[in-house]
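Undergrad: Got a file for you: input.csv, CSV, C-alpha atoms.
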chain,number,residue,atom,x,y,z
U,1,MET,CA,118.6,112.7,147.9
U,2,SER,CA,118.7,116.3,147.1
U,3,ASP,CA,117.6,117.9,143.8
U,4,GLU,CA,121.2,118.5,142.8
U,5,GLU,CA,121.9,114.7,142.7
U,6,ILE,CA,119.1,113.9,140.2
U,7,ILE,CA,120.5,113.7,136.7
U,8,GLU,CA,117.9,114.4,133.9
U,9,SER,CA,118.5,112.2,130.8
U,10,GLY,CA,115.7,113.6,128.7
U,11,PHE,CA,114.5,110.1,128.0
U,12,GLU,CA,111.0,110.9,128.8
U,13,GLN,CA,111.0,113.9,126.4
U,14,ARG,CA,112.4,111.7,123.6
U,15,LEU,CA,110.0,108.9,124.3
U,16,LEU,CA,107.0,111.3,124.2
U,17,GLY,CA,108.3,112.9,121.1
U,18,ILE,CA,108.6,109.5,119.3
U,19,LEU,CA,105.3,108.1,120.5
U,20,GLY,CA,103.5,111.4,120.1
U,21,GLY,CA,104.6,111.8,116.4
U,22,THR,CA,103.6,108.2,115.7
U,23,LEU,CA,100.2,108.6,117.3
U,24,LEU,CA,99.6,111.8,115.5
U,25,SER,CA,100.4,110.3,112.1
U,26,ILE,CA,98.2,107.3,112.8
U,27,ALA,CA,95.3,109.6,113.9
U,28,GLU,CA,95.8,111.7,110.7
U,29,ALA,CA,95.7,108.6,108.5
U,30,MET,CA,92.6,107.3,110.3
U,31,GLY,CA,90.9,110.7,109.9
U,32,SER,CA,91.7,110.7,106.1
U,33,ILE,CA,90.2,107.2,105.8
U,34,VAL,CA,87.0,108.3,107.6
U,35,ILE,CA,86.7,111.4,105.4
U,36,LEU,CA,87.2,109.3,102.2
U,37,THR,CA,84.6,106.7,103.4
U,38,ARG,CA,82.1,109.4,104.1
U,39,GLN,CA,82.6,111.1,100.7
U,40,THR,CA,82.3,107.7,99.0
U,41,ILE,CA,79.1,106.9,100.7
U,42,TYR,CA,77.7,110.3,100.0
U,43,TRP,CA,78.6,109.9,96.3
U,44,LEU,CA,77.1,106.5,96.1
U,45,LYS,CA,73.8,107.7,97.5
U,46,SER,CA,73.6,110.6,95.1
U,47,ALA,CA,74.7,108.6,92.0
U,48,GLU,CA,72.4,106.5,89.8
U,49,ARG,CA,72.8,102.9,90.7
U,50,HIS,CA,72.5,101.8,87.0
U,51,THR,CA,75.3,104.1,86.0
U,52,VAL,CA,77.6,102.9,88.8
U,53,MET,CA,77.0,99.3,87.9
U,54,GLU,CA,77.8,100.0,84.3
U,55,GLN,CA,81.1,101.5,85.3
U,56,VAL,CA,81.9,98.6,87.6
U,57,VAL,CA,81.3,96.1,84.9
U,58,ALA,CA,83.2,98.1,82.3
U,59,MET,CA,86.2,98.4,84.6
U,60,GLY,CA,86.2,94.9,86.0
U,61,VAL,CA,84.5,92.2,84.0
U,62,ASP,CA,85.2,93.7,80.5
U,63,SER,CA,88.9,93.8,81.3
U,64,ILE,CA,89.3,90.1,82.0
U,65,PRO,CA,90.1,89.0,78.4
U,66,VAL,CA,92.8,91.6,78.0
U,67,THR,CA,94.2,90.7,81.4
U,68,MET,CA,94.3,87.0,80.7
U,69,LEU,CA,95.9,87.5,77.3
U,70,THR,CA,98.6,89.8,78.9
U,71,SER,CA,99.3,87.2,81.6
U,72,LEU,CA,99.5,84.4,79.1
U,73,PHE,CA,102.1,86.0,76.9
U,74,THR,CA,104.1,87.3,79.9
U,75,GLY,CA,104.1,83.8,81.3
U,76,MET,CA,105.3,82.3,78.0
U,77,VAL,CA,108.2,84.8,77.8
U,78,LEU,CA,109.0,84.3,81.5
U,79,ALA,CA,109.0,80.5,81.0
U,80,LEU,CA,111.3,80.7,78.0
U,81,GLN,CA,113.7,83.0,79.7
U,82,THR,CA,113.7,81.0,83.0
U,83,GLY,CA,114.1,77.7,81.1
U,84,PHE,CA,117.1,79.1,79.2
U,85,SER,CA,118.7,80.4,82.3
U,86,PHE,CA,118.1,77.3,84.3
U,87,ARG,CA,119.5,75.2,81.5
U,88,LYS,CA,122.6,77.4,81.3
U,89,VAL,CA,123.3,77.8,85.1
U,90,PHE,CA,122.0,74.5,86.6
U,91,ASN,CA,122.0,72.3,83.5
U,92,GLU,CA,118.5,71.2,84.6
U,93,PRO,CA,115.2,73.0,83.7
U,94,LEU,CA,113.4,71.0,86.4
U,95,TYR,CA,111.7,73.8,88.4
U,96,VAL,CA,110.7,76.1,85.6
U,97,GLY,CA,107.0,75.7,86.0
U,98,THR,CA,107.1,76.2,89.7
U,99,VAL,CA,109.2,79.4,89.4
U,100,VAL,CA,107.1,80.8,86.6
U,101,GLY,CA,103.8,80.0,88.4
U,102,LEU,CA,105.0,81.5,91.7
U,103,SER,CA,106.5,84.6,90.2
U,104,LEU,CA,103.4,85.3,88.1
U,105,VAL,CA,101.0,84.8,91.0
U,106,LYS,CA,103.0,86.6,93.6
U,107,GLU,CA,104.8,89.4,91.8
U,108,LEU,CA,103.8,90.0,88.2
U,109,GLY,CA,100.1,89.1,88.3
U,110,PRO,CA,98.9,92.0,90.5
U,111,VAL,CA,101.1,94.5,88.8
U,112,LEU,CA,100.1,93.5,85.3
U,113,THR,CA,96.4,93.3,86.2
U,114,ALA,CA,96.5,96.8,87.7
U,115,ILE,CA,98.2,98.2,84.6
U,116,VAL,CA,95.8,96.5,82.2
U,117,VAL,CA,92.7,97.4,84.1
U,118,ALA,CA,93.8,101.0,84.4
U,119,VAL,CA,94.6,101.3,80.7
U,120,ALA,CA,91.5,99.4,79.6
U,121,SER,CA,89.0,101.3,81.8
U,122,GLY,CA,90.5,104.7,81.5
U,123,PRO,CA,88.8,105.8,78.3
U,124,ARG,CA,85.5,104.2,79.3
U,125,SER,CA,85.2,106.2,82.6
U,126,ARG,CA,85.8,109.6,81.2
U,127,PRO,CA,82.8,111.8,80.2
U,128,ASN,CA,81.9,112.2,76.6
U,129,TRP,CA,83.4,115.5,75.4
U,130,GLY,CA,82.7,117.1,72.1
U,131,PRO,CA,80.5,116.0,69.3
Translate the structure described by the file into structure tokens.

TA:
Amino acid sequence: MSDEEIIESGFEQRLLGILGGTLLSIAEAMGSIVILTRQTIYWLKSAERHTVMEQVVAMGVDSIPVTMLTSLFTGMVLALQTGFSFRKVFNEPLYVGTVVGLSLVKELGPVLTAIVVAVASGPRSRPNWGP
């Protein structure tokens, strides 16, 4: 076969372009994670342990009552709405508890917990400004 009979498809170039871009983005993400971990460890070594533990307790443990209350009322409203819809559509509110439990645990629970913890711990973690 001569050189004129070989047809170049550019497949190798496209494959290297796709794989190279993916590998570069993965390497960049891993580098960012390593830098964040290094900065976190440096900060934890330089911070006072008592102050760090106070912040952890203030953000986590002290937010549990508000989170539980929010989940309770959201679950009650969700059960009421789901029961009404099941009664209207299926004429049988049989699986209301299952649907409400699964939707709260899988979907709404993490979102509501994140929102409540962020709102509850936000004012506690800022420095004291002013008099």

Undergrad: Could you check which of U:Gly101, U:Leu24, U:Gly109, U:Ala118 is closest to Leu69 of chain U, using only C-alpha atoms?

TA: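 With only C-alpha atoms as the atom set, the closest residue is U:Gly109.
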
Undergrad: Neighbours of segment 74-89 of chain U within 10 Å (all atoms listed in the file; same-chain residues fewer than 5 positions away dropped), as a PyMOL selection string?

TA: chain U and resi 68-69+94-101+103-104+108-109+112

Undergrad: Rounded to one decimal in Å, what is the spacing between atom CA of Ser121 of chain U and atom CA of Pro65 of chain U?

TA: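 These two atoms are separated by 12.8 Å.
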
Undergrad: So which one's closest to Val117 of chain U, U:Gly60, U:Gly21, U:Gly31, U:Pro93? Using only C-alpha atoms, please.

TA: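 Comparing U:Gly60, U:Gly21, U:Gly31, U:Pro93 against Val117 of chain U, the winner is U:Gly60.
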
Undergrad: Could you add the missing atoms to segment 101-112 of chain U, up to all heavy atoms, and return them as a CSV table (one decimal), in the frame of the given file?

TA:
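result16.csv, freshly written:
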chain,number,residue,atom,x,y,z
U,101,GLY,N,105.1,79.9,87.8
U,101,GLY,CA,103.8,80.0,88.4
U,101,GLY,C,103.9,80.9,89.7
U,101,GLY,O,103.0,81.8,89.8
U,102,LEU,N,104.9,80.7,90.5
U,102,LEU,CA,105.0,81.5,91.7
U,102,LEU,C,105.3,83.0,91.4
U,102,LEU,O,104.7,83.9,92.1
U,102,LEU,CB,106.0,80.9,92.7
U,102,LEU,CG,105.6,79.6,93.4
U,102,LEU,CD1,106.8,79.1,94.2
U,102,LEU,CD2,104.4,79.9,94.3
U,103,SER,N,106.2,83.2,90.5
U,103,SER,CA,106.5,84.6,90.2
U,103,SER,C,105.3,85.4,89.5
U,103,SER,O,105.1,86.5,89.8
U,103,SER,CB,107.8,84.7,89.3
U,103,SER,OG,107.5,84.1,88.1
U,104,LEU,N,104.6,84.7,88.7
U,104,LEU,CA,103.4,85.3,88.1
U,104,LEU,C,102.3,85.6,89.1
U,104,LEU,O,101.7,86.7,89.1
U,104,LEU,CB,102.8,84.5,87.0
U,104,LEU,CG,103.4,84.7,85.6
U,104,LEU,CD1,102.8,83.8,84.6
U,104,LEU,CD2,103.1,86.1,85.2
U,105,VAL,N,102.1,84.6,90.0
U,105,VAL,CA,101.0,84.8,91.0
U,105,VAL,C,101.4,85.8,92.0
U,105,VAL,O,100.6,86.7,92.4
U,105,VAL,CB,100.6,83.4,91.6
U,105,VAL,CG1,99.7,83.6,92.8
U,105,VAL,CG2,100.0,82.5,90.6
U,106,LYS,N,102.6,85.8,92.5
U,106,LYS,CA,103.0,86.6,93.6
U,106,LYS,C,103.4,88.0,93.2
U,106,LYS,O,103.1,89.0,93.8
U,106,LYS,CB,104.1,86.0,94.4
U,106,LYS,CG,103.7,84.8,95.3
U,106,LYS,CD,104.9,84.3,96.1
U,106,LYS,CE,104.5,83.3,97.0
U,106,LYS,NZ,105.6,82.8,97.8
U,107,GLU,N,104.2,88.1,92.1
U,107,GLU,CA,104.8,89.4,91.8
U,107,GLU,C,104.2,90.0,90.6
U,107,GLU,O,103.7,91.2,90.7
U,107,GLU,CB,106.3,89.1,91.5
U,107,GLU,CG,107.1,88.5,92.6
U,107,GLU,CD,107.2,89.4,93.9
U,107,GLU,OE1,107.1,90.6,93.7
U,107,GLU,OE2,107.3,88.8,95.0
U,108,LEU,N,104.2,89.4,89.4
U,108,LEU,CA,103.8,90.0,88.2
U,108,LEU,C,102.3,90.1,88.0
U,108,LEU,O,101.8,91.0,87.4
U,108,LEU,CB,104.4,89.3,87.0
U,108,LEU,CG,105.9,89.5,86.8
U,108,LEU,CD1,106.4,88.6,85.7
U,108,LEU,CD2,106.2,91.0,86.5
U,109,GLY,N,101.6,89.2,88.5
U,109,GLY,CA,100.1,89.1,88.3
U,109,GLY,C,99.4,90.4,88.8
U,109,GLY,O,98.7,91.0,88.0
U,110,PRO,N,99.6,90.8,90.1
U,110,PRO,CA,98.9,92.0,90.5
U,110,PRO,C,99.3,93.2,89.8
U,110,PRO,O,98.5,94.1,89.5
U,110,PRO,CB,99.3,92.1,92.0
U,110,PRO,CG,99.6,90.7,92.4
U,110,PRO,CD,100.2,90.1,91.2
U,111,VAL,N,100.6,93.3,89.5
U,111,VAL,CA,101.1,94.5,88.8
U,111,VAL,C,100.5,94.6,87.4
U,111,VAL,O,100.0,95.6,86.9
U,111,VAL,CB,102.6,94.6,88.7
U,111,VAL,CG1,103.1,95.7,87.9
U,111,VAL,CG2,103.2,94.7,90.1
U,112,LEU,N,100.6,93.5,86.6
U,112,LEU,CA,100.1,93.5,85.3
U,112,LEU,C,98.5,93.7,85.3
U,112,LEU,O,98.0,94.4,84.4
U,112,LEU,CB,100.4,92.1,84.6
U,112,LEU,CG,101.9,92.0,84.2
U,112,LEU,CD1,102.1,90.6,83.7
U,112,LEU,CD2,102.3,93.0,83.2
